$ cat run.txt   # compact mmCIF, C-alpha atoms
# COMPACT_ATOMS: atom_id res chain seq x y z
CA MET D 1 7.30 20.08 6.61
CA ALA D 2 9.49 22.27 4.38
CA ALA D 3 9.00 22.13 0.62
CA SER D 4 12.63 21.21 0.10
CA GLU D 5 12.15 18.16 2.31
CA GLU D 6 9.25 16.99 0.19
CA ARG D 7 11.38 16.82 -2.92
CA ARG D 8 12.83 13.48 -3.68
CA GLU D 9 14.73 11.79 -6.38
CA PRO D 10 12.26 10.68 -9.03
CA HIS D 11 12.01 6.97 -9.31
CA PRO D 12 11.49 5.75 -12.85
CA ASP D 13 8.27 3.99 -13.60
CA ASP D 14 10.08 0.86 -14.61
CA GLU D 15 11.48 0.49 -11.10
CA ALA D 16 8.01 0.94 -9.64
CA THR D 17 6.63 -1.59 -12.09
CA ARG D 18 9.34 -4.06 -11.13
CA LEU D 19 8.40 -3.66 -7.49
CA TRP D 20 4.75 -4.21 -8.33
CA ARG D 21 5.56 -7.34 -10.36
CA ARG D 22 7.51 -8.73 -7.43
CA LEU D 23 4.42 -8.24 -5.29
CA CYS D 24 2.39 -10.14 -7.86
CA ASP D 25 5.02 -12.90 -7.85
CA ARG D 26 4.73 -13.22 -4.04
CA ASP D 27 8.36 -12.32 -3.50
CA PRO D 28 8.54 -12.27 0.33
CA ILE D 29 10.85 -9.25 0.32
CA ALA D 30 8.73 -7.23 -2.11
CA PRO D 31 6.34 -5.83 0.53
CA SER D 32 9.32 -4.45 2.46
CA ASP D 33 10.96 -2.91 -0.60
CA PHE D 34 7.64 -1.57 -1.83
CA ALA D 35 6.62 -0.02 1.49
CA LEU D 36 10.01 1.54 2.13
CA HIS D 37 10.10 2.90 -1.42
CA PHE D 38 6.64 4.48 -1.49
CA PHE D 39 5.51 5.12 2.09
CA GLU D 40 7.53 8.20 2.92
CA PRO D 41 7.03 9.91 -0.49
CA LEU D 42 3.31 9.21 -0.24
CA CYS D 43 3.18 10.76 3.25
CA ALA D 44 5.02 13.79 1.86
CA TRP D 45 2.61 14.08 -1.07
CA LEU D 46 -0.40 13.88 1.23
CA GLY D 47 1.16 16.54 3.44
CA GLN D 48 1.50 18.82 0.47
CA ARG D 49 -1.92 18.02 -0.99
CA TYR D 50 -3.89 17.99 2.27
CA PRO D 51 -2.01 20.25 4.68
CA ALA D 52 -5.16 20.96 6.71
CA ASN D 53 -5.56 17.34 7.71
CA SER D 54 -3.78 15.87 10.68
CA GLU D 55 -0.44 14.13 10.28
CA HIS D 56 -1.94 11.09 11.97
CA ASP D 57 -4.73 10.83 9.38
CA ARG D 58 -2.35 11.34 6.47
CA VAL D 59 0.06 8.68 7.72
CA THR D 60 -2.85 6.30 8.29
CA ALA D 61 -4.18 6.94 4.78
CA ALA D 62 -0.75 6.42 3.23
CA GLY D 63 -0.44 3.17 5.15
CA ASP D 64 -3.92 2.07 4.07
CA ALA D 65 -3.14 2.64 0.41
CA ILE D 66 0.22 0.88 0.54
CA LEU D 67 -0.84 -2.09 2.65
CA GLU D 68 -3.92 -2.57 0.47
CA LEU D 69 -1.85 -2.72 -2.69
CA ILE D 70 0.78 -4.97 -1.09
CA GLN D 71 -1.91 -7.51 -0.27
CA ARG D 72 -3.95 -7.04 -3.45
CA PRO D 73 -1.46 -6.03 -6.14
CA ALA D 74 -3.88 -7.05 -8.92
CA ALA D 75 -5.97 -3.98 -8.10
CA TYR D 76 -3.36 -1.92 -9.93
CA GLN D 77 -3.22 -2.12 -13.69
CA PRO D 78 -0.01 -0.58 -15.01
CA GLU D 79 -1.48 0.27 -18.39
CA ARG D 80 -3.99 2.61 -16.72
CA GLN D 81 -1.66 4.93 -14.86
CA THR D 82 1.65 5.02 -13.05
CA LEU D 83 1.89 3.32 -9.69
CA GLU D 84 2.57 6.68 -8.08
CA VAL D 85 -0.65 8.16 -9.47
CA TYR D 86 -2.58 5.08 -8.42
CA LEU D 87 -1.27 5.42 -4.86
CA HIS D 88 -2.11 9.13 -4.81
CA ILE D 89 -5.69 8.38 -5.80
CA ALA D 90 -6.03 5.49 -3.36
CA ALA D 91 -4.49 7.42 -0.46
CA SER D 92 -6.71 10.44 -1.19
CA ALA D 93 -9.78 8.24 -1.11
CA ASP D 94 -8.60 6.57 2.09
CA LEU D 95 -8.00 9.95 3.69
CA LYS D 96 -11.52 11.10 2.76
CA ASN D 97 -12.91 7.90 4.21
CA LEU D 98 -11.02 8.47 7.44
CA ILE D 99 -12.29 12.02 7.75
CA ARG D 100 -15.85 10.95 7.16
CA ALA D 101 -15.53 8.10 9.63
CA GLU D 102 -14.26 10.55 12.22
CA ASP D 103 -17.12 12.92 11.41
CA ARG D 104 -19.60 10.11 11.87
CA HIS D 105 -17.98 9.16 15.16
CA ALA D 106 -18.16 12.75 16.35
CA ARG D 107 -21.81 13.06 15.32
CA ARG D 108 -22.63 9.97 17.33
CA ARG D 109 -21.41 11.67 20.47
CA VAL D 110 -24.79 13.20 20.97
CA GLY D 111 -26.71 13.89 24.12
CA ILE D 112 -29.16 11.33 25.39
CA GLU D 113 -32.04 13.66 24.58
CA THR D 114 -31.07 13.64 20.94
CA VAL D 115 -30.65 9.89 20.97
CA GLU D 116 -34.17 9.48 22.26
CA LEU D 117 -35.59 11.59 19.49
CA SER D 118 -33.39 10.52 16.61
CA ARG D 119 -33.62 7.16 14.93
CA ALA D 120 -30.40 7.77 13.05
CA ALA D 121 -28.42 8.28 16.24
CA GLY D 122 -30.58 6.19 18.48
CA LYS D 123 -31.51 2.54 18.32
CA TYR D 124 -28.79 1.55 15.92
CA LEU D 125 -26.11 3.76 17.39
CA VAL D 126 -24.09 1.03 19.07
CA ASP D 127 -24.50 -1.86 16.66
CA GLU D 128 -25.02 -0.94 13.04
CA THR D 129 -25.27 -4.59 12.09
CA ALA D 130 -28.49 -4.86 14.07
CA ASP D 131 -30.36 -2.74 11.55
CA PRO D 132 -32.05 -5.25 9.18
CA ALA D 133 -32.47 -2.66 6.45
CA ALA D 134 -28.81 -1.75 6.60
CA ARG D 135 -27.90 -5.44 6.48
CA VAL D 136 -29.98 -5.99 3.35
CA GLU D 137 -28.45 -2.91 1.82
CA ARG D 138 -24.95 -4.19 2.56
CA GLU D 139 -25.76 -7.58 1.06
CA GLU D 140 -27.09 -5.94 -2.08
CA ASP D 141 -23.98 -3.82 -2.28
CA ALA D 142 -21.80 -6.89 -1.87
CA ALA D 143 -23.66 -8.66 -4.68
CA GLU D 144 -23.25 -5.62 -6.90
CA ARG D 145 -19.55 -5.40 -6.13
CA GLU D 146 -19.14 -9.09 -6.92
CA SER D 147 -20.77 -8.60 -10.31
CA LEU D 148 -18.46 -5.69 -11.03
CA LEU D 149 -15.41 -7.86 -10.46
CA THR D 150 -16.09 -9.48 -13.81
CA LEU D 151 -15.95 -6.29 -15.86
CA ASP D 152 -13.06 -5.86 -18.21
CA GLY D 153 -11.84 -3.24 -20.61
CA LEU D 154 -12.70 -0.32 -18.39
CA THR D 155 -11.55 3.22 -18.98
CA PRO D 156 -9.20 4.61 -16.32
CA GLU D 157 -12.09 6.59 -14.77
CA GLU D 158 -14.27 3.50 -14.59
CA GLU D 159 -11.39 1.51 -13.17
CA GLN D 160 -11.01 3.93 -10.28
CA VAL D 161 -14.72 3.86 -9.60
CA LEU D 162 -14.57 0.09 -9.69
CA VAL D 163 -11.77 0.02 -7.14
CA LEU D 164 -13.87 2.13 -4.81
CA LEU D 165 -16.96 0.02 -5.41
CA ARG D 166 -14.96 -3.06 -4.50
CA ARG D 167 -14.13 -1.41 -1.21
CA GLY D 168 -17.80 -0.70 -0.62
CA GLU D 169 -17.33 3.04 -0.80
CA ARG D 170 -20.65 4.90 -0.94
CA ARG D 171 -19.72 8.55 -0.64
CA THR D 172 -19.84 10.76 -3.68
CA ALA D 173 -16.95 12.89 -2.48
CA VAL D 174 -14.61 9.92 -2.43
CA TYR D 175 -15.51 9.04 -5.99
CA ALA D 176 -15.03 12.69 -6.87
CA ALA D 177 -11.54 12.56 -5.35
CA ALA D 178 -10.74 9.50 -7.42
CA LEU D 179 -11.92 11.32 -10.52
CA GLY D 180 -9.89 14.41 -9.61
CA ILE D 181 -12.87 16.73 -9.55
CA LEU D 182 -12.96 17.73 -5.89
CA ASP D 183 -12.26 21.33 -6.86
CA ARG D 184 -15.53 21.53 -8.78
CA PRO D 185 -18.92 22.47 -7.31
CA VAL D 186 -20.66 19.71 -5.42
CA ALA D 187 -23.46 19.53 -7.97
CA VAL D 188 -20.92 18.98 -10.75
CA GLN D 189 -19.15 16.32 -8.69
CA THR D 190 -22.43 14.53 -8.07
CA ARG D 191 -23.36 14.64 -11.74
CA GLU D 192 -19.97 13.40 -12.92
CA VAL D 193 -19.80 10.57 -10.38
CA LYS D 194 -23.29 9.49 -11.37
CA ARG D 195 -22.31 9.60 -15.02
CA VAL D 196 -19.38 7.25 -14.46
CA LYS D 197 -21.46 4.89 -12.31
CA ASP D 198 -24.25 4.88 -14.91
CA ARG D 199 -21.71 4.02 -17.58
CA LEU D 200 -20.65 1.03 -15.52
CA LYS D 201 -24.25 -0.07 -15.12
CA LYS D 202 -24.79 0.12 -18.88
CA ARG D 203 -21.68 -1.96 -19.36
CA LEU D 204 -23.14 -4.54 -17.02
CA GLU D 205 -26.48 -4.52 -18.83
CA ARG D 206 -24.72 -5.16 -22.11
CA GLY D 207 -23.03 -8.17 -20.55
CA PRO D 208 -19.62 -7.90 -18.90
CA ALA D 209 -16.52 -9.38 -20.38
CA ARG D 210 -15.01 -12.04 -18.16
CA ARG D 211 -11.58 -11.86 -16.71
CA GLY D 212 -9.26 -14.80 -16.63
CA MET E 213 12.89 15.32 10.25
CA ALA E 214 14.57 11.97 10.80
CA GLU E 215 12.60 11.58 14.00
CA GLU E 216 9.34 12.33 12.16
CA LYS E 217 10.22 9.72 9.56
CA ARG E 218 10.96 7.19 12.26
CA ALA E 219 7.65 7.93 13.92
CA ARG E 220 5.76 7.48 10.65
CA LEU E 221 7.51 4.23 9.92
CA ALA E 222 6.88 3.06 13.48
CA SER E 223 3.16 3.63 12.98
CA LEU E 224 3.26 1.51 9.84
CA ILE E 225 5.18 -1.22 11.66
CA ARG E 226 2.59 -1.27 14.46
CA ARG E 227 -0.08 -1.90 11.85
CA VAL E 228 1.72 -4.75 10.13
CA GLU E 229 2.46 -6.34 13.50
CA ALA E 230 -1.27 -6.96 13.77
CA ASP E 231 -1.54 -8.48 10.30
CA PRO E 232 -0.59 -12.17 9.79
CA PHE E 233 0.29 -11.39 6.17
CA PHE E 234 3.52 -9.78 7.38
CA LEU E 235 6.58 -11.24 9.07
CA ALA E 236 6.13 -8.52 11.70
CA PHE E 237 3.15 -10.42 13.08
CA THR E 238 5.27 -13.55 13.47
CA LEU E 239 8.26 -11.76 14.99
CA ARG E 240 6.05 -9.94 17.46
CA ALA E 241 4.36 -13.16 18.57
CA TYR E 242 7.76 -14.75 19.10
CA ALA E 243 9.33 -11.75 20.85
CA GLU E 244 6.37 -11.40 23.19
CA SER E 245 6.39 -15.06 24.08
CA GLU E 246 10.11 -14.94 24.84
CA GLY E 247 10.06 -11.51 26.45
CA LEU E 248 12.58 -10.16 23.96
CA ALA E 249 13.31 -6.53 23.27
CA ASP E 250 14.16 -5.44 19.73
CA ARG E 251 17.89 -5.59 20.34
CA GLU E 252 17.69 -9.13 21.67
CA LEU E 253 15.49 -10.22 18.78
CA ALA E 254 17.96 -8.71 16.33
CA GLU E 255 20.81 -10.51 18.05
CA GLN E 256 19.02 -13.83 17.73
CA LEU E 257 18.34 -13.20 14.08
CA GLY E 258 21.89 -12.02 13.53
CA CYS E 259 21.17 -8.57 12.18
CA PRO E 260 21.57 -5.01 13.41
CA VAL E 261 18.53 -3.69 15.23
CA GLU E 262 18.20 -1.00 12.56
CA ALA E 263 17.40 -3.71 9.99
CA LEU E 264 14.44 -5.06 11.95
CA ASP E 265 11.84 -2.75 10.42
CA ALA E 266 12.70 -3.83 6.89
CA VAL E 267 12.58 -7.47 7.99
CA ARG E 268 9.22 -6.94 9.66
CA LEU E 269 7.73 -5.51 6.46
CA CYS E 270 8.51 -8.72 4.56
CA ARG E 271 5.75 -11.09 3.71
CA ARG E 272 5.44 -13.98 6.11
CA PRO E 273 7.11 -17.07 4.59
CA ARG E 274 4.64 -19.46 3.02
CA PRO E 275 3.83 -22.31 5.40
CA ASP E 276 3.87 -24.88 2.60
CA ALA E 277 6.49 -26.02 0.13
CA GLY E 278 7.73 -22.46 -0.35
CA PHE E 279 8.73 -22.07 3.29
CA ARG E 280 12.42 -22.79 2.97
CA GLN E 281 12.73 -20.75 -0.22
CA ASP E 282 11.08 -17.73 1.38
CA VAL E 283 13.04 -18.00 4.62
CA THR E 284 16.30 -18.32 2.72
CA ARG E 285 15.51 -15.34 0.52
CA ILE E 286 14.66 -13.12 3.48
CA ALA E 287 17.67 -14.29 5.46
CA GLU E 288 20.10 -13.75 2.59
CA ARG E 289 18.77 -10.30 1.86
CA PHE E 290 19.12 -9.04 5.41
CA GLY E 291 22.02 -11.19 6.57
CA LEU E 292 19.95 -13.22 9.02
CA ARG E 293 20.67 -16.71 10.29
CA VAL E 294 18.53 -18.94 8.10
CA GLY E 295 17.99 -21.68 10.65
CA GLU E 296 17.20 -19.22 13.41
CA LEU E 297 14.64 -17.38 11.27
CA ALA E 298 13.01 -20.68 10.31
CA ARG E 299 12.87 -21.77 13.95
CA ILE E 300 11.40 -18.46 15.08
CA VAL E 301 8.72 -18.50 12.37
CA ARG E 302 7.73 -22.08 13.17
CA GLN E 303 7.65 -21.43 16.90
CA ALA E 304 5.53 -18.30 16.41
CA ASP E 305 3.20 -20.19 14.07
CA ALA E 306 2.69 -22.88 16.67
CA LEU E 307 1.98 -20.27 19.34
CA THR E 308 -0.50 -18.49 17.09
CA ALA E 309 -2.25 -21.73 16.21
CA LEU E 310 -2.49 -22.74 19.85
CA ARG E 311 -3.91 -19.38 20.81
CA ALA E 312 -6.44 -19.57 17.97
CA GLU E 313 -7.49 -23.02 19.08
CA ALA E 314 -7.79 -21.94 22.68
CA THR E 315 -10.06 -19.07 21.67
CA GLY E 316 -12.11 -21.21 19.27
CA GLY E 317 -10.79 -19.53 16.16
CA SER E 318 -9.87 -21.40 13.03
CA GLY E 319 -6.35 -19.95 13.01
CA VAL E 320 -4.84 -18.45 9.92
CA LEU E 321 -1.65 -20.40 10.42
CA ARG E 322 -3.17 -23.75 11.25
CA ALA E 323 -0.89 -25.47 8.76
CA ALA E 324 2.05 -24.84 11.05
CA ARG E 325 0.69 -27.36 13.54
CA ASP E 326 0.93 -30.18 11.08
CA ARG E 327 4.57 -29.85 10.29
CA ASP E 328 7.88 -30.39 11.96
CA VAL E 329 10.91 -28.26 11.43
CA ALA E 330 14.16 -29.92 10.58
CA PRO E 331 17.28 -28.35 12.08
CA ASP E 332 18.09 -26.62 8.83
CA GLY E 333 14.67 -25.04 8.65
CA GLU E 334 13.21 -27.42 6.07
CA SER E 335 9.59 -28.32 6.73
CA GLU E 336 8.49 -31.89 6.69
CA GLU E 337 5.02 -33.40 6.63
CA ARG E 338 4.25 -35.69 9.52
$ encode --input "run.txt" --output "structure tokens"
Amino acid sequence: MAASEERREPHPDDEATRLWRRLCDRDPIAPSDFALHFFEPLCAWLGQRYPANSEHDRVTAAGDAILELIQRPAAYQPERQTLEVYLHIAASADLKNLIRAEDRHARRRVGIETVELSRAAGKYLVDETADPAARVEREEDAAERESLLTLDGLTPEEEQVLVLLRRGERRTAVYAAALGILDRPVAVQTREVKRVKDRLKKRLERGPARRG
Amino acid sequence: MAEEKRARLASLIRRVEADPFFLAFTLRAYAESEGLADRELAEQLGCPVEALDAVRLCRRPRPDAGFRQDVTRIAERFGLRVGELARIVRQADALTALRAEATGGSGVLRAARDRDVAPDGESEER
């Protein structure tokens, strides 16, 4: 895709905010206007930002981010950042998730000999839900995410982490993408992600403010 | 470039066709049941076939008291026949509910079974 084709007329934030408010107001046409306004520019941005990834993955990630926001517009808080920035962060995280899911899928295509010897790729290969430990872990995660829904007054960094926690994201790299620190060494990413998560935990220990 | 854009948008449309949140889901259920191609569906709705994607990306009209308001808003925006859109949505809802019942599912559009559609598209409680 040529650079000139990626340029587009800037759309003022107030127009984006109006679109978002129409989503919140359940305007039946708003999803159409919103998707047609943001989908193609978001695909172009992903193409520029992640040229090494496949077009299919980028388009899927752009769709994930847009469809998610269309159905859950309250996830975006306009005072935190522009809608465009929010979609960039969400689509980046979705793209990372896709890549990791594909990696996992590829790793599972292992020979039967490996399956026999490996618990990770063996008994629970076909049905992850059959692993009792994993089920308990998921339930604990769900309970934690539910408790985080009540937090209020978060910083923009915490808000992004919260969005990912709500989605059940567990990978450090995805949080690092949300925090815009993917260009840093992995150790730094890990430390910074942990710092933001720890801050959230302290907020919870102090007693979360209630929304609504 | 235009072809690439069309392909990207087509992939998005395929996704929303599988999601009952969107009107695309409803229109697909109806078109499949009637064996309609896009052009025939557009003709029934009264719009150019090029407008179908934008229509599909709309939110599905609320099945309750907001039904007529939503249908009218969508129809006016895209120049569709209001009564025809209402009829298509109700027919697709009934089909979806019947399929859900046949497969033992609860059916996301169960409410459609409990209503009649007046000729002008207004919903009425039985």
$ closest_atom_pairs --input "run.txt" --of "chain E" --to "chain D" --cutoff "12 Å" --atoms "all atoms listed in the file" --output "CSV"
residue,atom,partner,partner_atom,distance
E:Met213,CA,D:Met1,CA,8.2
E:Ala214,CA,D:Glu5,CA,10.8
E:Glu216,CA,D:Met1,CA,9.7
E:Lys217,CA,D:Glu40,CA,7.3
E:Arg218,CA,D:Glu40,CA,10.0
E:Ala219,CA,D:Val59,CA,9.8
E:Arg220,CA,D:Val59,CA,6.5
E:Leu221,CA,D:Glu40,CA,8.0
E:Ala222,CA,D:Val59,CA,10.5
E:Ser223,CA,D:Val59,CA,7.9
E:Leu224,CA,D:Gly63,CA,6.2
E:Ile225,CA,D:Gly63,CA,9.7
E:Arg226,CA,D:Gly63,CA,10.8
E:Arg227,CA,D:Gly63,CA,8.4
E:Val228,CA,D:Leu67,CA,8.3
E:Asp231,CA,D:Leu67,CA,10.0
E:Pro232,CA,D:Gln71,CA,11.2
E:Phe233,CA,D:Gln71,CA,7.8
E:Phe234,CA,D:Pro31,CA,8.4
E:Leu235,CA,D:Pro28,CA,9.0
E:Ala236,CA,D:Ser32,CA,10.6
E:Ala263,CA,D:Ser32,CA,11.1
E:Leu264,CA,D:Ser32,CA,10.8
E:Asp265,CA,D:Ser32,CA,8.5
E:Ala266,CA,D:Ser32,CA,5.6
E:Val267,CA,D:Ser32,CA,7.1
E:Arg268,CA,D:Ser32,CA,7.6
E:Leu269,CA,D:Ser32,CA,4.4
E:Cys270,CA,D:Ser32,CA,4.8
E:Arg271,CA,D:Pro28,CA,4.5
E:Arg272,CA,D:Pro28,CA,6.8
E:Pro273,CA,D:Pro28,CA,6.6
E:Arg274,CA,D:Pro28,CA,8.6
E:Gly278,CA,D:Pro28,CA,10.2
E:Phe279,CA,D:Pro28,CA,10.2
E:Arg280,CA,D:Pro28,CA,11.5
E:Gln281,CA,D:Pro28,CA,9.5
E:Asp282,CA,D:Pro28,CA,6.1
E:Val283,CA,D:Pro28,CA,8.5
E:Thr284,CA,D:Pro28,CA,10.1
E:Arg285,CA,D:Pro28,CA,7.6
E:Ile286,CA,D:Ile29,CA,6.3
E:Ala287,CA,D:Ile29,CA,9.9
E:Glu288,CA,D:Ile29,CA,10.5
E:Arg289,CA,D:Ile29,CA,8.1
E:Phe290,CA,D:Ile29,CA,9.7
$ atom_distance --input "run.txt" --atom1 "CA of Ala93 in chain D" --atom2 "CA of Val174 in chain D"
5.3 Å
$ residues_around --input "run.txt" --residues "Leu164 in chain D" --least-positions-apart "5" --cutoff "10 Å" --atoms "all atoms listed in the file" --output "PyMOL selection string"
chain D and resi 90+93-94+145+158-159+169-171+174-175+178
$ atom_distance --input "run.txt" --atom1 "CA of Leu239 in chain E" --atom2 "CA of Glu68 in chain D"
21.1 Å
$ atom_distance --input "run.txt" --atom1 "CA of Ala254 in chain E" --atom2 "CA of Cys24 in chain D"
28.8 Å
$ closest_residue --input "run.txt" --among "E:Glu252, E:Asp276, E:Glu244, E:Glu229" --to "Gln303 in chain E" --atoms "all atoms listed in the file"
E:Glu244
$ closest_residue --input "run.txt" --among "D:Ala16, D:Ala187, D:Ala101, D:Ala173" --to "Tyr76 in chain D" --atoms "only C-alpha atoms"
D:Ala16
